[in-house]
Amino acid sequence: MTTRSVEKIGKTIEEAVQDGLEDLGLPLDKVEVKVLDEPSRGILGLVGQKPARVRLTEKVNLADEVCEFFRALIDHTGLEDISFRSSFNDGTLELEIYGDDVAALIGRRGATLDAVQYIVSIVAGNYWRELEASGNPQERIRIAVDAQGYRHRRAASLERLARSVSERVLRDGREIRLEPMNPMDRRIVHVTVQECQGVESFSEGEDPFRYVVVTCKKAE
């Protein structure tokens, strides 16, 4: 990601700015203007006359840059019937993939979707650091990638599983180990189990084989 910048001189600040806008091909609201030298008329308006000098730097929106990268990433998959829409809510850039070929970007239990989200999050962090270093600081953003509501459906399925397993643990009095899950899925299970009376949960193992154990709550 590169941020374009030009320096221009003119008889007036307005003239120098206009020259810079034409060079960059951008409107005024898309650039940051820094006045480096104020114009001066000099002695008797002639001797020592000094022109205005300004620097124009293109404004870069972090979310827009991430969307451009995501669009290129999706195009690079070679999948024909696939697109995405974006929205920005409470500091999170939400990227929703849709289309007939979307299943290829979900993968088994969302593994491919998780990998895509991880890649985009890494790139967003790199872009943010570049903007900080270039003097164009912006707020960091979180990334959430979904595919036609898959994560919502997955969360609902895990909540049902957690409640069902909790009931079995209470009925049989034996702990139950669930299949390995990613951190996001484990969190959904833990939160749901906490809402069930008489049971508790914890995680065991090492990623990517870390799993949740649901057991009867120990008497206090």
# chains A, B, ... in the order shown; residues from 1 in each chain; ligands from 1

call {"tool": "closest_atom_pairs", "arguments": {"of": "segment 96-204 of chain A", "to": "segment 53-57 of chain A", "cutoff": "10 Å", "atoms": "only C-alpha atoms", "output": "tab-separated table"}}
result
residue	atom	partner	partner_atom	distance
A:Ser134	CA	A:Thr57	CA	9.9
A:Gly135	CA	A:Thr57	CA	9.9
A:Asn136	CA	A:Thr57	CA	9.1

call {"tool": "select_by_dssp", "arguments": {"residues": "segment 67-171 of chain A", "states": "strand (DSSP E or B)", "output": "PDB file with C-alpha atoms, in the first residue's frame"}}
result
ATOM      1  CA  SER A  83     -18.787 -11.747  -4.620  1.00  0.00           C
ATOM      2  CA  PHE A  84     -18.910  -9.898  -1.325  1.00  0.00           C
ATOM      3  CA  ARG A  85     -20.452  -6.949   0.450  1.00  0.00           C
ATOM      4  CA  SER A  86     -18.889  -4.932   3.249  1.00  0.00           C
ATOM      5  CA  SER A  87     -20.156  -2.946   6.208  1.00  0.00           C
ATOM      6  CA  PHE A  88     -18.483  -1.167   9.107  1.00  0.00           C
ATOM      7  CA  ASN A  89     -20.040  -1.532  12.555  1.00  0.00           C
ATOM      8  CA  THR A  92     -15.414  -4.016  12.919  1.00  0.00           C
ATOM      9  CA  LEU A  93     -15.167  -4.359   9.145  1.00  0.00           C
ATOM     10  CA  GLU A  94     -17.669  -7.089   8.243  1.00  0.00           C
ATOM     11  CA  LEU A  95     -17.047  -8.860   4.934  1.00  0.00           C
ATOM     12  CA  GLU A  96     -19.878 -11.130   3.766  1.00  0.00           C
ATOM     13  CA  ILE A  97     -19.170 -13.512   0.884  1.00  0.00           C
ATOM     14  CA  TYR A  98     -22.055 -14.762  -1.244  1.00  0.00           C
ATOM     15  CA  ARG A 142     -11.297  -5.720  13.608  1.00  0.00           C
ATOM     16  CA  ILE A 143     -12.070  -8.076  10.735  1.00  0.00           C
ATOM     17  CA  ALA A 144     -15.040 -10.451  10.528  1.00  0.00           C
ATOM     18  CA  VAL A 145     -15.415 -12.633   7.427  1.00  0.00           C
ATOM     19  CA  ASP A 146     -18.583 -14.677   6.887  1.00  0.00           C
ATOM     20  CA  ALA A 147     -20.183 -16.544   3.996  1.00  0.00           C
TER      21      ALA A 147
END

call {"tool": "closest_atom_pairs", "arguments": {"of": "segment 75-142 of chain A", "to": "segment 179-203 of chain A", "cutoff": "9 Å", "atoms": "only C-alpha atoms", "output": "tab-separated table"}}
result
residue	atom	partner	partner_atom	distance
A:Arg109	CA	A:Met181	CA	8.8
A:Ala111	CA	A:Asn182	CA	8.5
A:Asp114	CA	A:Asn182	CA	8.9

call {"tool": "write_last_selection", "arguments": {"atoms": "N, CA, C and O atoms", "output": "PDB file, in the first residue's frame"}}
result
ATOM      1  N   ARG A 109     -16.150 -27.390   8.449  1.00  0.00           N
ATOM      2  CA  ARG A 109     -16.448 -26.681   9.694  1.00  0.00           C
ATOM      3  C   ARG A 109     -15.862 -25.267   9.716  1.00  0.00           C
ATOM      4  O   ARG A 109     -15.405 -24.767  10.734  1.00  0.00           O
ATOM      5  N   ALA A 111     -13.145 -24.100   8.295  1.00  0.00           N
ATOM      6  CA  ALA A 111     -11.680 -23.970   8.400  1.00  0.00           C
ATOM      7  C   ALA A 111     -11.117 -23.004   7.355  1.00  0.00           C
ATOM      8  O   ALA A 111     -10.241 -22.183   7.657  1.00  0.00           O
ATOM      9  N   ASP A 114     -12.040 -19.448   8.258  1.00  0.00           N
ATOM     10  CA  ASP A 114     -11.185 -18.969   9.346  1.00  0.00           C
ATOM     11  C   ASP A 114      -9.824 -18.538   8.815  1.00  0.00           C
ATOM     12  O   ASP A 114      -9.261 -17.527   9.256  1.00  0.00           O
TER      13      ASP A 114
END

call {"tool": "residues_around", "arguments": {"residues": "segment 59-70 of chain A", "least_positions_apart": "6", "cutoff": "9 Å", "atoms": "only C-alpha atoms", "output": "ChimeraX atom specification"}}
result
/A:1,3-4,29-32,84,86,88,93,95,120-121,123-124,127-128,131,136,138-141

call {"tool": "residues_around", "arguments": {"residues": "Ile176 of chain A", "least_positions_apart": "6", "cutoff": "10 Å", "atoms": "only C-alpha atoms", "output": "ChimeraX atom specification"}}
result
/A:165-166,168-169,201,212-216

call {"tool": "write_last_selection", "arguments": {"atoms": "C-alpha atoms", "output": "compact mmCIF listing (two decimals), in the first residue's frame"}}
result
# COMPACT_ATOMS: atom_id res chain seq x y z
CA VAL A 165 -24.54 -32.37 25.95
CA SER A 166 -25.15 -30.50 29.22
CA ARG A 168 -26.76 -35.71 29.03
CA VAL A 169 -23.99 -34.94 31.51
CA SER A 201 -16.74 -26.84 30.86
CA VAL A 212 -14.06 -28.95 25.17
CA VAL A 213 -14.94 -31.17 28.12
CA VAL A 214 -18.38 -30.78 29.73
CA THR A 215 -18.70 -32.15 33.25
CA CYS A 216 -20.91 -31.92 36.33
